[in-house]
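Accompanying notes for the structure given below.
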Amino acid sequence: AATSKPRVVFVLGGPGSGKGTQCAKLVDQFGFVHLSAGDLLRAEVKSGSPDGMMIQNMIKEGKIVPSSVTINLLKKAMAASSTDKFLIDGFPRNEENRADFEKITGITPEFILYFECPEKELERRLLRRNEGRVDDNIETIRKRFKVFIESSLPVIDHYEKIGKARKIDATRTREEVFDSLQPLFRPFLV
Ligand code: UP5
Ligand code: MG
């Protein structure tokens with residue numbers, strides 16, 4: 001593992017707002033390690049871990065998995081990595097996630113990205129993604145939207161209040177969104 005204190009950017013935004021898509025591009029250009037909390041949880045389900053059933057059920061219902069589970073996975077992934085620049089995608093999703101991560105790891109983010117996009121467009125993207133995700137159906141999508149508004153927006157508000165939220169118009173093309181991220185990440189190249 002890297003020896004210096006990790007530098008972390010949280011990548012937040014509604015379901016389908018392009019978090020994963022943009023993180024993949026940022027990895028190539030800025031040498032970040034991309035940790036998608038959702039991907040880590042789905043891998044845990046696949047591995048047949050004791051928590052797998054519980055995680056799968058929560059994902060199907062669009063609910064937020066208990067912090068201890070997700071933070072453990074993130075900690076393990078960070079410890080296994082040889083770099084110290086992390087994009088943490090889709091986490092923290094509620095105040096419990098946020099406060100526990102800070103308490104347990106001692107890490108506060110450099111800043112957070114908030115991909116803003118209306119629900120109609122998010123719904124369109126998720127319904128045509130077609131990657132076999134158990135939560136990409138209209139019923140679960142509606143639940144994910146509700147949880148995002150009720151639990152995740154307050155986290156974004158928190159970072160807004162302390163001047164750490166960077167709002168991104170996610171309705172644009174992938175390329176336009178990526179271009180708008182460049183100035184925010186250039187400092188990480190030096
Ligand atoms: N696409 C991307 N950018 C586009 C653009 N600019 N224009 C047009 N199309 C664009 O993109 C979604 C789709 O849109 C793709 O087909 C893409 O090609 C296209 P993607 O980059 O995948 O968006 P993303 O924001 O990553 O969407 P995702 O569905 O992954 O977001 P969620 O936040 O819903 O999913 P996540 O995997 O983070 O979480 C899933 C579930 O896991 C949660 O609901 C929850 O139950 C659980 N979870 C926790 O409990 N705790 C956690 O900490 C994390 C997850
Ligand atoms: Mg994603």
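Labels used: A, B, ... for chains in the order of the structure tokens, numbers from 1 for residues in each chain, and numbers from 1 for ligands as shown.
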
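Excluding Asp39 in chain A itself and same-chain residues fewer than 5 positions from it, the residues having an atom within 12 Å of it are Lys19, Gly20, His34, Glu44, Val45, Lys46, Ile55, Gln56, Ile59, Thr70, Leu73, Leu74, Ala77, Ile88, Asp89, Gly90, Phe91 and Arg133 of chain A, counting only C-alpha atoms.
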
Give me, as an MDAnalysis selection string, the set of residues whose atoms come within 8 Å of any atom of ligand 1, counting only C-alpha atoms and all ligand atoms.
chainID A and resid 12:23 36:39 41:42 55 58:67 70 89:93 97 122 125:126 128:130 135:136 141 144 170:177

Using the chain letters and numbers from this document, which residues of chain A does DSSP assign to helix (DSSP H, G or I), as a PyMOL selection string?
chain A and resi 19-30+37-46+52-60+67-79+95-105+119-129+138-161+174-189

Using only C-alpha atoms, determine which residues lie at most 12 Å from Gln29 in chain A, disregarding the query and same-chain residues fewer than 4 positions distant; provide the list as a list of chain:residue names.
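Listed by chain and then number, they are A:Gln22, A:Cys23, A:Ala24, A:Lys25, A:Val33, A:Phe178, A:Asp179, A:Leu181, A:Gln182, A:Phe185, A:Arg186, A:Phe188, A:Leu189.
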
Could you save the residues just selected, with N, CA and C atoms, as a short mmCIF file (atom, residue, chain, number, x, y, z; two decimals), in the first residue's frame?
data_model
loop_
_atom_site.label_atom_id
_atom_site.label_comp_id
_atom_site.auth_asym_id
_atom_site.auth_seq_id
_atom_site.Cartn_x
_atom_site.Cartn_y
_atom_site.Cartn_z
N GLN A 22 -17.53 8.53 -16.09
CA GLN A 22 -16.53 9.59 -15.96
C GLN A 22 -15.33 9.12 -15.15
N CYS A 23 -15.57 8.30 -14.13
CA CYS A 23 -14.44 7.80 -13.33
C CYS A 23 -13.48 7.00 -14.19
N ALA A 24 -14.01 6.20 -15.11
CA ALA A 24 -13.15 5.41 -15.99
C ALA A 24 -12.24 6.32 -16.81
N LYS A 25 -12.77 7.43 -17.27
CA LYS A 25 -11.96 8.37 -18.05
C LYS A 25 -10.92 9.05 -17.16
N VAL A 33 -7.16 5.70 -8.79
CA VAL A 33 -7.77 4.39 -8.68
C VAL A 33 -9.27 4.62 -8.46
N PHE A 178 -16.71 15.37 -19.42
CA PHE A 178 -15.30 15.10 -19.10
C PHE A 178 -14.44 16.35 -19.24
N ASP A 179 -14.68 17.10 -20.30
CA ASP A 179 -13.92 18.36 -20.49
C ASP A 179 -14.10 19.30 -19.30
N LEU A 181 -14.45 18.54 -16.33
CA LEU A 181 -13.77 18.04 -15.13
C LEU A 181 -12.27 18.36 -15.13
N GLN A 182 -11.74 18.59 -16.31
CA GLN A 182 -10.30 18.79 -16.46
C GLN A 182 -9.70 19.80 -15.47
N PHE A 185 -9.19 18.57 -11.94
CA PHE A 185 -8.25 17.48 -11.67
C PHE A 185 -6.81 17.79 -12.05
N ARG A 186 -6.62 18.86 -12.81
CA ARG A 186 -5.26 19.21 -13.22
C ARG A 186 -4.30 19.31 -12.03
N PHE A 188 -3.94 17.55 -9.60
CA PHE A 188 -3.48 16.23 -9.16
C PHE A 188 -2.35 15.69 -10.03
N LEU A 189 -2.06 16.36 -11.13
CA LEU A 189 -1.01 15.87 -12.01
C LEU A 189 0.38 16.24 -11.48
#

Which residue out of A:Leu127, A:Ile104, A:Val27, A:Leu35 has the minimum interatomic distance to ligand 2 when only C-alpha atoms and all ligand atoms are used?
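With only C-alpha atoms and all ligand atoms as the atom set, the closest residue is A:Leu35.
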
Strand (DSSP E) per DSSP on the backbone: members of range 65-112 of chain A, as a list of chain:residue names
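After running DSSP on the backbone, range 65-112 of chain A has strand (DSSP E) at A:Lys85, A:Phe86, A:Leu87, A:Ile88, A:Asp89, A:Phe111, A:Ile112.
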
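Interatomic distance, CA of Lys76 in chain A to CA of Lys5 in chain A: 15.3 Å.
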
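Using only C-alpha atoms, the smallest distance between any of A:Asp28, A:Asp84, A:Glu95, A:Glu110 and Phe10 in chain A comes from A:Glu110.
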
Restricting the calculation to only C-alpha atoms: of A:Gly132, A:Val8, A:Glu160, A:Leu40, which residue gets closest to Glu102 in chain A?
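Of A:Gly132, A:Val8, A:Glu160, A:Leu40, the one nearest Glu102 in chain A is A:Val8, counting only C-alpha atoms.
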
Quick one, how far is CA of Tyr114 in chain A from CA of Ile71 in chain A?
20.5 Å
